[in-house]
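Engineer: Below you will find the structure I want to go over with you.
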Amino acid sequence: MSSVRTSRRAVLTSATAVVTGALLLSGCGDDGTDAGAGDAAAGTRAITDATGRKVEVPAAPTKVVALSEPTLDAALALGIEPVGATAGRGQQGVSTYLADKAAEAQVVATVAEADLEKVAALRPDLILLDETTAVKSEVAKLQAIAPTVVTAALNEDWKKAFTATAEALNKKADAERILSGFDADVAAAKAKLGTNAGAVVSVVRWQNGAPSVVGKGVGHVGSTLTSLGLTRPADQQGASAGHSEPVSLEKLSTVDGDWLFFGTLGDRADGDKAYAEAKKVPNFGRLKAEQAGHVVVVQGSAWNSAGGPLAAGIVLADLTEALAS
């Protein structure tokens, strides 16, 4: 993506040229007539996105590009595999927990930036993103490629963000069914917590030899813990100042709890390696969660990145297995 860094104007010109060519090819039939009537038959809908922009989106999009982790999760949960997607945070491909469902999606972005030429080459009919990614600064350029919807502000409640993505995809009824099912699963798990009801649960990402606090606020981790009636250590309460908050090893005790859910940015195997490393750190063995055998290694790509209903489902399943057995 060095071309994006070195010449934004050149990239936009190239991207626009690709789209223009696509429109010329699709806009004329064999007799050279305008195909606008066919486009009208396909239908569009007007929606207002999270930034207050009014956007005309296709009623039945077929080539979606999802440029943030939550919009990719949401689209896949709704049965739509995007043609273009963002790489998972700290990963080369899509988040590992989504890899099977997004096997055909081409990675065209990271959380830091999008490759506009690659996006345009896919000839999408809808682009989705939110403020969990820095790509939000490119909305005007993306809009020149295809209708672009910013589904949610930073630190938005994950269910509201999911519903907004579903609205852009014309799948709101499906989203309501998914959320109703999730809420029912939360209620069932909560009823089985027993002695773990109200337990203090810590969530950390281990990276570069030290922990970072993740999952605060109303994201898919924090809100699920709250819905289950679980509490967080004092330093993990309230909204997050950023995606993660580093913790020095001198303050390792602040990430302790009755239970400690431990991961990296990768899969569970990466978490196992990191856990072996953490156990060599002085004072880690003094954590009451470690002494009680209550450290749970999780699939970090689902727990420690921004996510949607698929990530929330994994979080709930892990919590249920550990605490409601």
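Naming scheme: A, B, ... for chains in displayed order of the structure tokens; residues 1 onward per chain; ligands 1 onward as shown.
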May I have all residues of range 206-294 of chain A that DSSP, computed from the backbone, assigns to strand (DSSP E), given as a list of chain:residue names?
Structural biologist: A:Trp206, A:Gln207, A:Ala210, A:Pro211, A:Ser212, A:Val213, A:Glu245, A:Pro246, A:Trp259, A:Leu260, A:Phe261, A:Phe262, A:Gly263
Engineer: I need the residues from that last selection saved to file as a PDB file, in the first residue's frame (with N, CA, C and O atoms), if you can.
Structural biologist:
```
ATOM      1  N   TRP A 206      -2.014 -10.217  25.779  1.00  0.00           N
ATOM      2  CA  TRP A 206      -0.589 -10.264  26.090  1.00  0.00           C
ATOM      3  C   TRP A 206       0.199 -10.000  24.822  1.00  0.00           C
ATOM      4  O   TRP A 206       0.033 -10.677  23.818  1.00  0.00           O
ATOM      5  N   GLN A 207       1.045  -9.000  24.871  1.00  0.00           N
ATOM      6  CA  GLN A 207       1.811  -8.628  23.689  1.00  0.00           C
ATOM      7  C   GLN A 207       3.116  -7.985  24.114  1.00  0.00           C
ATOM      8  O   GLN A 207       3.149  -7.163  25.038  1.00  0.00           O
ATOM      9  N   ALA A 210       4.057  -8.158  27.936  1.00  0.00           N
ATOM     10  CA  ALA A 210       3.278  -7.479  28.975  1.00  0.00           C
ATOM     11  C   ALA A 210       1.797  -7.473  28.583  1.00  0.00           C
ATOM     12  O   ALA A 210       1.453  -7.652  27.411  1.00  0.00           O
ATOM     13  N   PRO A 211       0.913  -7.250  29.556  1.00  0.00           N
ATOM     14  CA  PRO A 211      -0.521  -7.244  29.253  1.00  0.00           C
ATOM     15  C   PRO A 211      -1.040  -5.871  28.864  1.00  0.00           C
ATOM     16  O   PRO A 211      -0.454  -4.846  29.210  1.00  0.00           O
ATOM     17  N   SER A 212      -2.127  -5.884  28.125  1.00  0.00           N
ATOM     18  CA  SER A 212      -2.911  -4.681  27.870  1.00  0.00           C
ATOM     19  C   SER A 212      -4.356  -5.002  28.219  1.00  0.00           C
ATOM     20  O   SER A 212      -4.834  -6.124  27.967  1.00  0.00           O
ATOM     21  N   VAL A 213      -5.034  -4.032  28.790  1.00  0.00           N
ATOM     22  CA  VAL A 213      -6.452  -4.196  29.105  1.00  0.00           C
ATOM     23  C   VAL A 213      -7.261  -4.013  27.828  1.00  0.00           C
ATOM     24  O   VAL A 213      -7.039  -3.078  27.058  1.00  0.00           O
ATOM     25  N   GLU A 245      -5.234  -0.721  26.489  1.00  0.00           N
ATOM     26  CA  GLU A 245      -4.538   0.114  27.456  1.00  0.00           C
ATOM     27  C   GLU A 245      -3.398  -0.690  28.083  1.00  0.00           C
ATOM     28  O   GLU A 245      -3.648  -1.593  28.892  1.00  0.00           O
ATOM     29  N   PRO A 246      -2.150  -0.392  27.716  1.00  0.00           N
ATOM     30  CA  PRO A 246      -1.004  -1.155  28.243  1.00  0.00           C
ATOM     31  C   PRO A 246      -0.912  -1.067  29.772  1.00  0.00           C
ATOM     32  O   PRO A 246      -1.248  -0.046  30.376  1.00  0.00           O
ATOM     33  N   TRP A 259     -11.413 -14.493  37.712  1.00  0.00           N
ATOM     34  CA  TRP A 259     -11.094 -15.170  36.459  1.00  0.00           C
ATOM     35  C   TRP A 259     -10.316 -14.218  35.565  1.00  0.00           C
ATOM     36  O   TRP A 259     -10.558 -13.006  35.583  1.00  0.00           O
ATOM     37  N   LEU A 260      -9.407 -14.783  34.782  1.00  0.00           N
ATOM     38  CA  LEU A 260      -8.612 -13.981  33.855  1.00  0.00           C
ATOM     39  C   LEU A 260      -8.705 -14.621  32.465  1.00  0.00           C
ATOM     40  O   LEU A 260      -8.251 -15.748  32.260  1.00  0.00           O
ATOM     41  N   PHE A 261      -9.323 -13.903  31.532  1.00  0.00           N
ATOM     42  CA  PHE A 261      -9.428 -14.373  30.153  1.00  0.00           C
ATOM     43  C   PHE A 261      -8.280 -13.750  29.369  1.00  0.00           C
ATOM     44  O   PHE A 261      -8.160 -12.534  29.269  1.00  0.00           O
ATOM     45  N   PHE A 262      -7.445 -14.609  28.821  1.00  0.00           N
ATOM     46  CA  PHE A 262      -6.105 -14.253  28.369  1.00  0.00           C
ATOM     47  C   PHE A 262      -5.955 -14.612  26.890  1.00  0.00           C
ATOM     48  O   PHE A 262      -6.234 -15.739  26.477  1.00  0.00           O
ATOM     49  N   GLY A 263      -5.512 -13.644  26.074  1.00  0.00           N
ATOM     50  CA  GLY A 263      -5.312 -13.933  24.658  1.00  0.00           C
ATOM     51  C   GLY A 263      -4.297 -13.009  24.029  1.00  0.00           C
ATOM     52  O   GLY A 263      -3.680 -12.168  24.700  1.00  0.00           O
TER      53      GLY A 263
END
```
Engineer: Can you list, as a list in words, every protein, DNA or RNA residue that comes within 9 Å of Asp73 in chain A when you count only C-alpha atoms, leaving out same-chain residues fewer than 2 positions away?
Structural biologist: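 Counting only the stated atoms, we get Ala66, Ser68, Glu69, Pro70, Thr71, Ala75, Leu76, Ala77, Leu78, Leu98, Phe162, Gly307, Gly308, Pro309, Leu310 and Ala311 of chain A.
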Engineer: Sort by chain and increasing residue number a table of all residues of range 115-184 of chain A within 10 Å of range 54-57 of chain A, each with its closest pair of atoms and their distance in Å to one decimal, counting only C-alpha atoms, and write it as CSV.
Structural biologist:
```
residue,atom,partner,partner_atom,distance
A:Asp125,CA,A:Val57,CA,8.0
A:Leu126,CA,A:Val57,CA,6.8
A:Ile127,CA,A:Val57,CA,9.4
A:Gln143,CA,A:Val55,CA,9.3
A:Ala146,CA,A:Val57,CA,8.9
A:Pro147,CA,A:Val57,CA,5.9
A:Thr148,CA,A:Val55,CA,7.2
A:Val149,CA,A:Val55,CA,7.0
A:Val150,CA,A:Val55,CA,9.8
A:Ala168,CA,A:Val57,CA,7.1
A:Leu169,CA,A:Val57,CA,8.4
A:Asn170,CA,A:Val57,CA,9.3
```
Engineer: Output C-alpha atoms of each residue in that selection to a file, as a PDB file, in the first residue's frame.
Structural biologist:
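Below is the file that was written, again13.pdb:
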```
ATOM      1  CA  ASP A 125     -21.738  -1.725  -5.225  1.00  0.00           C
ATOM      2  CA  LEU A 126     -21.503  -0.933  -1.486  1.00  0.00           C
ATOM      3  CA  ILE A 127     -18.650  -0.049   0.884  1.00  0.00           C
ATOM      4  CA  GLN A 143     -17.724   7.453  -2.173  1.00  0.00           C
ATOM      5  CA  ALA A 146     -19.222   3.201  -4.644  1.00  0.00           C
ATOM      6  CA  PRO A 147     -21.911   4.189  -2.112  1.00  0.00           C
ATOM      7  CA  THR A 148     -20.079   4.322   1.210  1.00  0.00           C
ATOM      8  CA  VAL A 149     -21.750   3.972   4.606  1.00  0.00           C
ATOM      9  CA  VAL A 150     -20.128   4.738   7.964  1.00  0.00           C
ATOM     10  CA  ALA A 168     -27.275  -0.704   5.088  1.00  0.00           C
ATOM     11  CA  LEU A 169     -27.476  -4.290   3.799  1.00  0.00           C
ATOM     12  CA  ASN A 170     -31.297  -4.342   3.930  1.00  0.00           C
TER      13      ASN A 170
END
```
Engineer: Would you give me, as a JSON list (two decimals) with N, CA and C atoms, in the first residue's frame, the residues in range 119-265 of chain A that DSSP reads as alpha helix (DSSP H)?
Structural biologist:
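Output saved as result_24.json:
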```json
[["chain", "number", "residue", "atom", "x", "y", "z"],
["A", 119, "VAL", "N", -9.57, -1.58, -3.90],
["A", 119, "VAL", "CA", -11.01, -1.45, -3.64],
["A", 119, "VAL", "C", -11.75, -1.20, -4.95],
["A", 120, "ALA", "N", -11.26, -0.24, -5.73],
["A", 120, "ALA", "CA", -11.92, 0.11, -6.98],
["A", 120, "ALA", "C", -11.91, -1.05, -7.97],
["A", 121, "ALA", "N", -10.81, -1.82, -7.99],
["A", 121, "ALA", "CA", -10.71, -2.93, -8.93],
["A", 121, "ALA", "C", -11.76, -4.00, -8.68],
["A", 139, "VAL", "N", -13.49, 8.64, 3.39],
["A", 139, "VAL", "CA", -14.87, 8.43, 2.96],
["A", 139, "VAL", "C", -15.17, 9.12, 1.63],
["A", 140, "ALA", "N", -14.72, 10.35, 1.45],
["A", 140, "ALA", "CA", -15.01, 11.07, 0.21],
["A", 140, "ALA", "C", -14.43, 10.34, -1.00],
["A", 141, "LYS", "N", -13.22, 9.81, -0.85],
["A", 141, "LYS", "CA", -12.60, 9.08, -1.95],
["A", 141, "LYS", "C", -13.29, 7.74, -2.20],
["A", 142, "LEU", "N", -13.69, 7.08, -1.12],
["A", 142, "LEU", "CA", -14.40, 5.82, -1.27],
["A", 142, "LEU", "C", -15.76, 6.03, -1.93],
["A", 143, "GLN", "N", -16.41, 7.14, -1.59],
["A", 143, "GLN", "CA", -17.72, 7.45, -2.17],
["A", 143, "GLN", "C", -17.63, 7.63, -3.68],
["A", 158, "TRP", "N", -22.11, -2.28, 20.46],
["A", 158, "TRP", "CA", -21.92, -3.19, 19.33],
["A", 158, "TRP", "C", -23.24, -3.62, 18.70],
["A", 159, "LYS", "N", -24.28, -3.73, 19.50],
["A", 159, "LYS", "CA", -25.58, -4.14, 18.94],
["A", 159, "LYS", "C", -26.15, -3.05, 18.05],
["A", 160, "LYS", "N", -25.99, -1.81, 18.47],
["A", 160, "LYS", "CA", -26.46, -0.69, 17.64],
["A", 160, "LYS", "C", -25.66, -0.63, 16.34],
["A", 161, "ALA", "N", -24.34, -0.86, 16.43],
["A", 161, "ALA", "CA", -23.49, -0.85, 15.24],
["A", 161, "ALA", "C", -23.90, -1.97, 14.29],
["A", 162, "PHE", "N", -24.17, -3.14, 14.84],
["A", 162, "PHE", "CA", -24.59, -4.28, 14.02],
["A", 162, "PHE", "C", -25.91, -3.99, 13.32],
["A", 163, "THR", "N", -26.86, -3.40, 14.05],
["A", 163, "THR", "CA", -28.15, -3.07, 13.46],
["A", 163, "THR", "C", -28.01, -2.06, 12.33],
["A", 164, "ALA", "N", -27.10, -1.10, 12.50],
["A", 164, "ALA", "CA", -26.87, -0.11, 11.46],
["A", 164, "ALA", "C", -26.26, -0.74, 10.21],
["A", 165, "THR", "N", -25.35, -1.69, 10.40],
["A", 165, "THR", "CA", -24.78, -2.40, 9.26],
["A", 165, "THR", "C", -25.85, -3.21, 8.56],
["A", 166, "ALA", "N", -26.71, -3.86, 9.33],
["A", 166, "ALA", "CA", -27.80, -4.63, 8.75],
["A", 166, "ALA", "C", -28.75, -3.74, 7.97],
["A", 167, "GLU", "N", -28.99, -2.54, 8.46],
["A", 167, "GLU", "CA", -29.85, -1.59, 7.75],
["A", 167, "GLU", "C", -29.25, -1.24, 6.39],
["A", 168, "ALA", "N", -27.93, -1.03, 6.36],
["A", 168, "ALA", "CA", -27.27, -0.70, 5.09],
["A", 168, "ALA", "C", -27.37, -1.86, 4.11],
["A", 172, "LYS", "N", -32.27, -5.91, 8.17],
["A", 172, "LYS", "CA", -32.56, -5.53, 9.55],
["A", 172, "LYS", "C", -33.36, -6.61, 10.29],
["A", 173, "ALA", "N", -34.31, -7.24, 9.61],
["A", 173, "ALA", "CA", -35.10, -8.29, 10.26],
["A", 173, "ALA", "C", -34.22, -9.47, 10.66],
["A", 174, "ASP", "N", -33.26, -9.81, 9.81],
["A", 174, "ASP", "CA", -32.34, -10.89, 10.14],
["A", 174, "ASP", "C", -31.50, -10.52, 11.35],
["A", 175, "ALA", "N", -31.08, -9.27, 11.42],
["A", 175, "ALA", "CA", -30.28, -8.82, 12.56],
["A", 175, "ALA", "C", -31.08, -8.91, 13.86],
["A", 176, "GLU", "N", -32.34, -8.55, 13.79],
["A", 176, "GLU", "CA", -33.18, -8.62, 14.99],
["A", 176, "GLU", "C", -33.30, -10.05, 15.49],
["A", 177, "ARG", "N", -33.41, -11.01, 14.57],
["A", 177, "ARG", "CA", -33.49, -12.41, 14.97],
["A", 177, "ARG", "C", -32.17, -12.88, 15.60],
["A", 178, "ILE", "N", -31.06, -12.44, 15.02],
["A", 178, "ILE", "CA", -29.75, -12.82, 15.57],
["A", 178, "ILE", "C", -29.58, -12.27, 16.98],
["A", 179, "LEU", "N", -29.95, -11.01, 17.17],
["A", 179, "LEU", "CA", -29.79, -10.40, 18.49],
["A", 179, "LEU", "C", -30.74, -11.01, 19.51],
["A", 180, "SER", "N", -31.94, -11.35, 19.10],
["A", 180, "SER", "CA", -32.89, -12.01, 20.02],
["A", 180, "SER", "C", -32.33, -13.35, 20.47],
["A", 181, "GLY", "N", -31.75, -14.10, 19.53],
["A", 181, "GLY", "CA", -31.16, -15.38, 19.88],
["A", 181, "GLY", "C", -29.98, -15.23, 20.83],
["A", 182, "PHE", "N", -29.16, -14.20, 20.57],
["A", 182, "PHE", "CA", -28.01, -13.94, 21.44],
["A", 182, "PHE", "C", -28.47, -13.59, 22.85],
["A", 183, "ASP", "N", -29.47, -12.72, 22.96],
["A", 183, "ASP", "CA", -29.97, -12.33, 24.28],
["A", 183, "ASP", "C", -30.53, -13.53, 25.03],
["A", 184, "ALA", "N", -31.19, -14.44, 24.32],
["A", 184, "ALA", "CA", -31.71, -15.65, 24.96],
["A", 184, "ALA", "C", -30.58, -16.52, 25.48],
["A", 185, "ASP", "N", -29.49, -16.61, 24.71],
["A", 185, "ASP", "CA", -28.33, -17.39, 25.14],
["A", 185, "ASP", "C", -27.67, -16.76, 26.36],
["A", 186, "VAL", "N", -27.62, -15.43, 26.39],
["A", 186, "VAL", "CA", -27.06, -14.74, 27.56],
["A", 186, "VAL", "C", -27.88, -15.04, 28.80],
["A", 187, "ALA", "N", -29.20, -14.96, 28.67],
["A", 187, "ALA", "CA", -30.09, -15.23, 29.81],
["A", 187, "ALA", "C", -29.91, -16.66, 30.32],
["A", 188, "ALA", "N", -29.78, -17.61, 29.40],
["A", 188, "ALA", "CA", -29.61, -19.00, 29.79],
["A", 188, "ALA", "C", -28.28, -19.20, 30.51],
["A", 189, "ALA", "N", -27.23, -18.57, 30.01],
["A", 189, "ALA", "CA", -25.92, -18.69, 30.65],
["A", 189, "ALA", "C", -25.92, -18.05, 32.03],
["A", 190, "LYS", "N", -26.53, -16.90, 32.13],
["A", 190, "LYS", "CA", -26.57, -16.19, 33.42],
["A", 190, "LYS", "C", -27.24, -17.02, 34.50],
["A", 222, "GLY", "N", -17.22, -6.18, 26.69],
["A", 222, "GLY", "CA", -17.69, -5.49, 27.88],
["A", 222, "GLY", "C", -19.19, -5.62, 28.10],
["A", 223, "SER", "N", -19.97, -5.47, 27.04],
["A", 223, "SER", "CA", -21.42, -5.54, 27.21],
["A", 223, "SER", "C", -21.89, -6.95, 27.53],
["A", 224, "THR", "N", -21.19, -7.96, 27.01],
["A", 224, "THR", "CA", -21.56, -9.34, 27.32],
["A", 224, "THR", "C", -21.29, -9.65, 28.78],
["A", 225, "LEU", "N", -20.15, -9.19, 29.29],
["A", 225, "LEU", "CA", -19.85, -9.38, 30.70],
["A", 225, "LEU", "C", -20.90, -8.69, 31.58],
["A", 226, "THR", "N", -21.26, -7.48, 31.20],
["A", 226, "THR", "CA", -22.26, -6.74, 31.97],
["A", 226, "THR", "C", -23.61, -7.44, 31.93],
["A", 227, "SER", "N", -23.99, -7.94, 30.77],
["A", 227, "SER", "CA", -25.28, -8.62, 30.63],
["A", 227, "SER", "C", -25.34, -9.88, 31.48]]
```
Engineer: Report as a PyMOL selection string all protein, DNA and RNA residues lying within 10 Å of Leu252 in chain A, evaluated on only C-alpha atoms, omitting residues in the same chain fewer than 6 positions from it.
Structural biologist: chain A and resi 210-211+281-284+286-287
Engineer: Using only C-alpha atoms, which protein or nucleic acid residues come within 12 Å of Asn208 in chain A? Drop anything in the same chain fewer than 5 positions from it, and give the result as a ChimeraX atom specification.
Structural biologist: /A:246-249,264-265,274,277-278
Engineer: Just to confirm, what's the straight-line distance from CA of Val65 in chain A to CA of Gly88 in chain A in Å (one decimal)?
Structural biologist: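 Those two atoms sit 14.5 Å apart.
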Engineer: Do you have the CA of Lys273 in chain A-CA of Val297 in chain A distance handy?
Structural biologist: 9.8 Å
Engineer: Please indicate the distance in Å from CA of Leu230 in chain A to CA of Ser244 in chain A, rounded to one decimal place.
Structural biologist: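 We find that CA of Leu230 in chain A and CA of Ser244 in chain A lie 20.2 Å from each other.
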